[in-house]
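Peer 1: Handing over target26.json, JSON, C-alpha atoms.
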[["chain", "number", "residue", "atom", "x", "y", "z"],
["A", 17, "MET", "CA", -11.10, 58.00, 41.94],
["A", 18, "LYS", "CA", -9.65, 56.87, 45.25],
["A", 19, "ILE", "CA", -7.17, 59.12, 47.06],
["A", 20, "GLU", "CA", -4.70, 57.79, 49.63],
["A", 21, "VAL", "CA", -2.37, 59.76, 51.88],
["A", 22, "PHE", "CA", 0.88, 58.18, 53.03],
["A", 23, "LYS", "CA", 2.65, 59.58, 56.09],
["A", 24, "PRO", "CA", 5.74, 58.48, 58.03],
["A", 25, "ALA", "CA", 3.59, 56.41, 60.41],
["A", 26, "HIS", "CA", 2.36, 54.25, 57.50],
["A", 27, "THR", "CA", 4.11, 51.16, 56.25],
["A", 28, "VAL", "CA", 4.65, 51.56, 52.53],
["A", 29, "GLY", "CA", 6.44, 48.76, 50.70],
["A", 30, "LEU", "CA", 9.42, 49.26, 48.43],
["A", 31, "VAL", "CA", 7.46, 48.17, 45.35],
["A", 32, "GLN", "CA", 4.76, 50.77, 46.02],
["A", 33, "LEU", "CA", 7.39, 53.47, 46.57],
["A", 34, "GLN", "CA", 9.05, 52.52, 43.29],
["A", 35, "GLN", "CA", 5.69, 52.67, 41.50],
["A", 36, "ILE", "CA", 5.13, 56.21, 42.80],
["A", 37, "ARG", "CA", 8.70, 57.18, 41.83],
["A", 38, "ASP", "CA", 8.34, 55.70, 38.34],
["A", 39, "PHE", "CA", 4.96, 57.38, 37.86],
["A", 40, "LEU", "CA", 6.40, 60.78, 38.79],
["A", 41, "TYR", "CA", 9.46, 60.23, 36.62],
["A", 42, "GLU", "CA", 7.29, 59.41, 33.61],
["A", 43, "HIS", "CA", 4.60, 62.07, 34.03],
["A", 44, "LEU", "CA", 6.54, 65.10, 35.26],
["A", 45, "ASP", "CA", 7.69, 65.55, 31.68],
["A", 46, "GLN", "CA", 10.22, 68.37, 31.24],
["A", 47, "TYR", "CA", 9.68, 69.50, 34.85],
["A", 48, "GLY", "CA", 11.01, 66.27, 36.35],
["A", 49, "ASP", "CA", 14.19, 65.04, 37.95],
["A", 50, "LYS", "CA", 16.29, 61.89, 37.95],
["A", 51, "LYS", "CA", 14.71, 58.80, 39.53],
["A", 52, "GLU", "CA", 17.19, 58.83, 42.40],
["A", 53, "ASP", "CA", 16.31, 62.44, 43.24],
["A", 54, "ILE", "CA", 12.60, 61.69, 43.16],
["A", 55, "MET", "CA", 13.19, 58.73, 45.50],
["A", 56, "LYS", "CA", 15.13, 61.00, 47.89],
["A", 57, "ALA", "CA", 12.09, 63.28, 48.15],
["A", 58, "ILE", "CA", 9.77, 60.30, 48.66],
["A", 59, "ASN", "CA", 12.02, 58.84, 51.38],
["A", 60, "TYR", "CA", 12.22, 62.25, 53.06],
["A", 61, "ALA", "CA", 8.41, 62.60, 53.00],
["A", 62, "LEU", "CA", 8.01, 59.20, 54.63],
["A", 63, "ASN", "CA", 10.79, 59.90, 57.12],
["A", 64, "LYS", "CA", 12.97, 57.00, 56.00],
["A", 65, "GLY", "CA", 15.81, 57.94, 58.31],
["A", 66, "ILE", "CA", 15.39, 61.62, 57.48],
["A", 67, "THR", "CA", 13.40, 64.11, 59.52],
["A", 68, "PRO", "CA", 11.17, 66.06, 59.70],
["A", 69, "GLY", "CA", 9.24, 64.06, 57.06],
["A", 70, "GLY", "CA", 6.15, 65.04, 55.09],
["A", 71, "PHE", "CA", 3.51, 63.10, 53.18],
["A", 72, "ILE", "CA", 2.49, 61.74, 49.78],
["A", 73, "VAL", "CA", -0.97, 62.00, 48.21],
["A", 74, "VAL", "CA", -1.76, 59.44, 45.50],
["A", 75, "GLY", "CA", -4.86, 59.28, 43.33],
["A", 76, "TYR", "CA", -5.86, 55.93, 41.83],
["A", 77, "GLU", "CA", -8.13, 54.96, 38.96],
["A", 78, "GLY", "CA", -8.73, 51.30, 39.72],
["A", 79, "ASP", "CA", -5.33, 49.96, 40.72],
["A", 80, "GLN", "CA", -3.38, 52.39, 38.51],
["A", 81, "ILE", "CA", -1.81, 55.62, 39.75],
["A", 82, "ALA", "CA", -3.54, 58.59, 38.13],
["A", 83, "GLY", "CA", -1.71, 61.32, 40.03],
["A", 84, "ALA", "CA", 0.72, 61.91, 42.87],
["A", 85, "VAL", "CA", 1.92, 64.73, 45.13],
["A", 86, "VAL", "CA", 5.02, 64.72, 47.35],
["A", 87, "VAL", "CA", 5.24, 67.29, 50.17],
["A", 88, "ASN", "CA", 8.27, 67.62, 52.43],
["A", 89, "LYS", "CA", 8.21, 69.40, 55.77],
["A", 90, "THR", "CA", 10.93, 72.03, 56.12],
["A", 91, "GLY", "CA", 11.16, 72.01, 59.89],
["A", 92, "MET", "CA", 10.79, 75.80, 59.86],
["A", 93, "GLU", "CA", 7.96, 78.28, 60.12],
["A", 94, "GLY", "CA", 7.39, 81.97, 59.62],
["A", 95, "TYR", "CA", 10.47, 82.96, 57.67],
["A", 96, "ILE", "CA", 10.33, 79.78, 55.59],
["A", 97, "PRO", "CA", 7.02, 77.93, 54.96],
["A", 98, "GLU", "CA", 6.54, 74.75, 56.99],
["A", 99, "ASN", "CA", 6.07, 72.65, 53.84],
["A", 100, "ILE", "CA", 7.40, 72.51, 50.30],
["A", 101, "LEU", "CA", 5.48, 70.85, 47.52],
["A", 102, "VAL", "CA", 8.27, 68.95, 45.79],
["A", 103, "TYR", "CA", 6.36, 67.07, 43.07],
["A", 104, "ILE", "CA", 2.90, 66.89, 41.56],
["A", 105, "ALA", "CA", 2.01, 65.01, 38.41],
["A", 106, "THR", "CA", -1.11, 63.65, 36.78],
["A", 107, "HIS", "CA", -1.23, 60.92, 34.17],
["A", 108, "ARG", "CA", -1.19, 62.38, 30.67],
["A", 109, "ASP", "CA", -4.57, 60.76, 29.94],
["A", 110, "GLN", "CA", -6.11, 62.35, 33.07],
["A", 111, "ARG", "CA", -5.05, 65.96, 32.50],
["A", 112, "GLY", "CA", -7.74, 68.61, 32.23],
["A", 113, "LYS", "CA", -10.24, 66.58, 34.29],
["A", 114, "GLY", "CA", -9.71, 68.29, 37.66],
["A", 115, "LEU", "CA", -7.54, 65.55, 39.13],
["A", 116, "GLY", "CA", -4.61, 67.90, 39.80],
["A", 117, "LYS", "CA", -6.92, 70.27, 41.64],
["A", 118, "LYS", "CA", -8.33, 67.42, 43.79],
["A", 119, "LEU", "CA", -4.84, 66.21, 44.67],
["A", 120, "MET", "CA", -3.62, 69.72, 45.44],
["A", 121, "GLN", "CA", -6.64, 70.44, 47.63],
["A", 122, "ARG", "CA", -6.05, 67.22, 49.56],
["A", 123, "ALA", "CA", -2.38, 68.16, 50.00],
["A", 124, "ILE", "CA", -3.40, 71.62, 51.24],
["A", 125, "ASP", "CA", -5.84, 70.02, 53.68],
["A", 126, "GLU", "CA", -3.19, 67.58, 54.97],
["A", 127, "ALA", "CA", -0.41, 70.15, 55.38],
["A", 128, "GLU", "CA", 0.11, 71.79, 58.74],
["A", 129, "GLY", "CA", 1.16, 75.37, 58.01],
["A", 130, "ALA", "CA", 2.14, 77.22, 54.86],
["A", 131, "ILE", "CA", 3.22, 75.55, 51.62],
["A", 132, "ALA", "CA", 5.86, 76.77, 49.18],
["A", 133, "LEU", "CA", 6.41, 75.42, 45.69],
["A", 134, "HIS", "CA", 8.57, 76.15, 42.71],
["A", 135, "VAL", "CA", 6.97, 76.41, 39.29],
["A", 136, "GLU", "CA", 8.46, 77.30, 35.92],
["A", 137, "PRO", "CA", 6.86, 80.41, 34.39],
["A", 138, "ASP", "CA", 5.69, 78.42, 31.34],
["A", 139, "ASN", "CA", 4.23, 75.50, 33.34],
["A", 140, "PRO", "CA", 0.45, 75.31, 32.76],
["A", 141, "ALA", "CA", 0.01, 74.18, 36.40],
["A", 142, "LYS", "CA", 0.92, 77.73, 37.47],
["A", 143, "ILE", "CA", -2.68, 78.77, 36.74],
["A", 144, "LEU", "CA", -4.01, 76.02, 39.03],
["A", 145, "TYR", "CA", -1.71, 77.10, 41.86],
["A", 146, "GLU", "CA", -2.87, 80.70, 41.53],
["A", 147, "LYS", "CA", -6.53, 79.60, 41.58],
["A", 148, "LEU", "CA", -5.83, 77.70, 44.80],
["A", 149, "GLY", "CA", -4.43, 80.85, 46.42],
["A", 150, "PHE", "CA", -0.69, 80.54, 45.87],
["A", 151, "THR", "CA", 1.07, 83.85, 45.26],
["A", 152, "ASN", "CA", 4.49, 84.77, 43.96],
["A", 153, "LYS", "CA", 6.23, 86.37, 46.93],
["A", 154, "TYR", "CA", 9.85, 86.03, 45.81],
["A", 155, "LEU", "CA", 12.04, 85.46, 42.82],
["A", 156, "GLU", "CA", 14.14, 82.40, 43.53],
["A", 157, "MET", "CA", 17.84, 82.48, 42.79],
["A", 158, "ARG", "CA", 20.23, 79.56, 43.15],
["A", 159, "LEU", "CA", 23.95, 79.04, 43.20],
["A", 160, "ILE", "CA", 24.81, 75.54, 42.08],
["A", 161, "LYS", "CA", 28.20, 74.51, 43.42],
["A", 162, "SER", "CA", 30.04, 71.77, 41.60]]
Have the structure of the file written as C-alpha cells, please.

Peer 2:
Amino acid sequence: MKIEVFKPAHTVGLVQLQQIRDFLYEHLDQYGDKKEDIMKAINYALNKGITPGGFIVVGYEGDQIAGAVVVNKTGMEGYIPENILVYIATHRDQRGKGLGKKLMQRAIDEAEGAIALHVEPDNPAKILYEKLGFTNKYLEMRLIKS
C-alpha cells in the first residue's frame, strides 16, 4: 500500500479531491455526512481560502483509494487541541487488515500538537483510537440552532 499526505502547499486537482470526497461519503457508512460537508472539511484541510488548514492522508492499493483521513487544524492550543480528526474511513474490503491503524499512525506523525476526535460509542473504531492512546476527557454536548 502507498500512503500520500496532502497539505495546503500541494497542488491537488478537483477530480482527485472529488474522488477523496466520494470515497469518504461511500465508506463512512452511518458515521458520515453529506458530500458538501465532507468537501468543506477537505477544502479547509487544504487551505482553499480557509485558514489555518490541515492535511489529508490517503492510502492507495494500486490506483484505488483504500482509506483516507482528513485532519483540520483548529488554530488553538492548550485549552483546545491543535488538530481535529474530522474523517477516517477504510474501504469495506480492507477493514480488519490494519489499514486504519497505519493511516491513523501517519496522521498522528504528521500532526503538530494534540489531536481531538469525535467517535460514537458504538463505533468499532473506538477500540483502535484507544489503542493508539486517545482518551475520553470530556462528554461533548451540542446545541444545534436552526

Peer 1: Pick out the residues sitting within 6 Å of A:His107, and hand them over as an NGL selection string; count only C-alpha atoms, and ignore anything fewer than 5 positions along from it in its own chain.

Peer 2: :A and (43 or 82-83)

Peer 1: List as a tab-separated table every residue of stretch 89-127 of chain A that is in contact with stretch 30-38 of chain A, defined as an atom at most 12 Å from one of its atoms (using only C-alpha atoms), together with the nearest atom pair and the distance in Å rounded to one decimal, sorted by chain and then rising number.

Peer 2:
residue	atom	partner	partner_atom	distance
A:Tyr103	CA	A:Arg37	CA	10.2
A:Ile104	CA	A:Ile36	CA	11.0
A:Ala105	CA	A:Ile36	CA	10.3
A:Thr106	CA	A:Ile36	CA	11.4
A:His107	CA	A:Asp38	CA	11.7

Peer 1: Convert the current residue selection to file output with C-alpha atoms, as an mmCIF file, in the coordinates of the input.

Peer 2:
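Result saved to out.cif:
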data_model
loop_
_atom_site.group_PDB
_atom_site.id
_atom_site.type_symbol
_atom_site.label_atom_id
_atom_site.label_comp_id
_atom_site.auth_asym_id
_atom_site.auth_seq_id
_atom_site.Cartn_x
_atom_site.Cartn_y
_atom_site.Cartn_z
ATOM 1 C CA TYR A 103 6.360 67.070 43.070
ATOM 2 C CA ILE A 104 2.900 66.890 41.560
ATOM 3 C CA ALA A 105 2.010 65.010 38.410
ATOM 4 C CA THR A 106 -1.110 63.650 36.780
ATOM 5 C CA HIS A 107 -1.230 60.920 34.170
#

Peer 1: Quick one: residues within 7 Å of stretch 89-98 of chain A, all atoms listed in the file, excluding same-chain residues fewer than 4 positions away - as an MDAnalysis selection string?

Peer 2: chainID A and resid 68:70 129:132

Peer 1: Pick out the residues sitting within 12 Å of A:Val73, and hand them over as a PyMOL selection string; count all atoms listed in the file, and ignore anything fewer than 4 positions along from it in its own chain.

Peer 2: chain A and resi 18-23+36+58+61-62+81-88+101-106+115-116+118-127

Peer 1: Work out how far apart atom CA of A:Val135 and atom CA of A:Asn152 are and give it in Å to one decimal.

Peer 2: 9.9 Å

Peer 1: Which distance in Å separates atom CA of A:Ile72 and atom CA of A:Asn59, to one decimal?

Peer 2: 10.1 Å

Peer 1: What does the distance from atom CA of A:Met157 to atom CA of A:Ile66 come to in Å, to one decimal?

Peer 2: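 Calculated distance between atom CA of A:Met157 and atom CA of A:Ile66 is 25.6 Å.
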
Peer 1: Which residue, A:Glu77, A:Glu146, A:Glu156, A:Asp49, has the smallest gap to A:Gln110 when you use all atoms listed in the file?

Peer 2: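 For A:Gln110, the nearest of the candidates is A:Glu77.
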
Peer 1: From the options A:His26, A:Arg108, A:Lys64, A:Lys147, which residue's atoms come nearest to A:Glu42, counting only C-alpha atoms?

Peer 2: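 With only C-alpha atoms as the atom set, the closest residue is A:Arg108.
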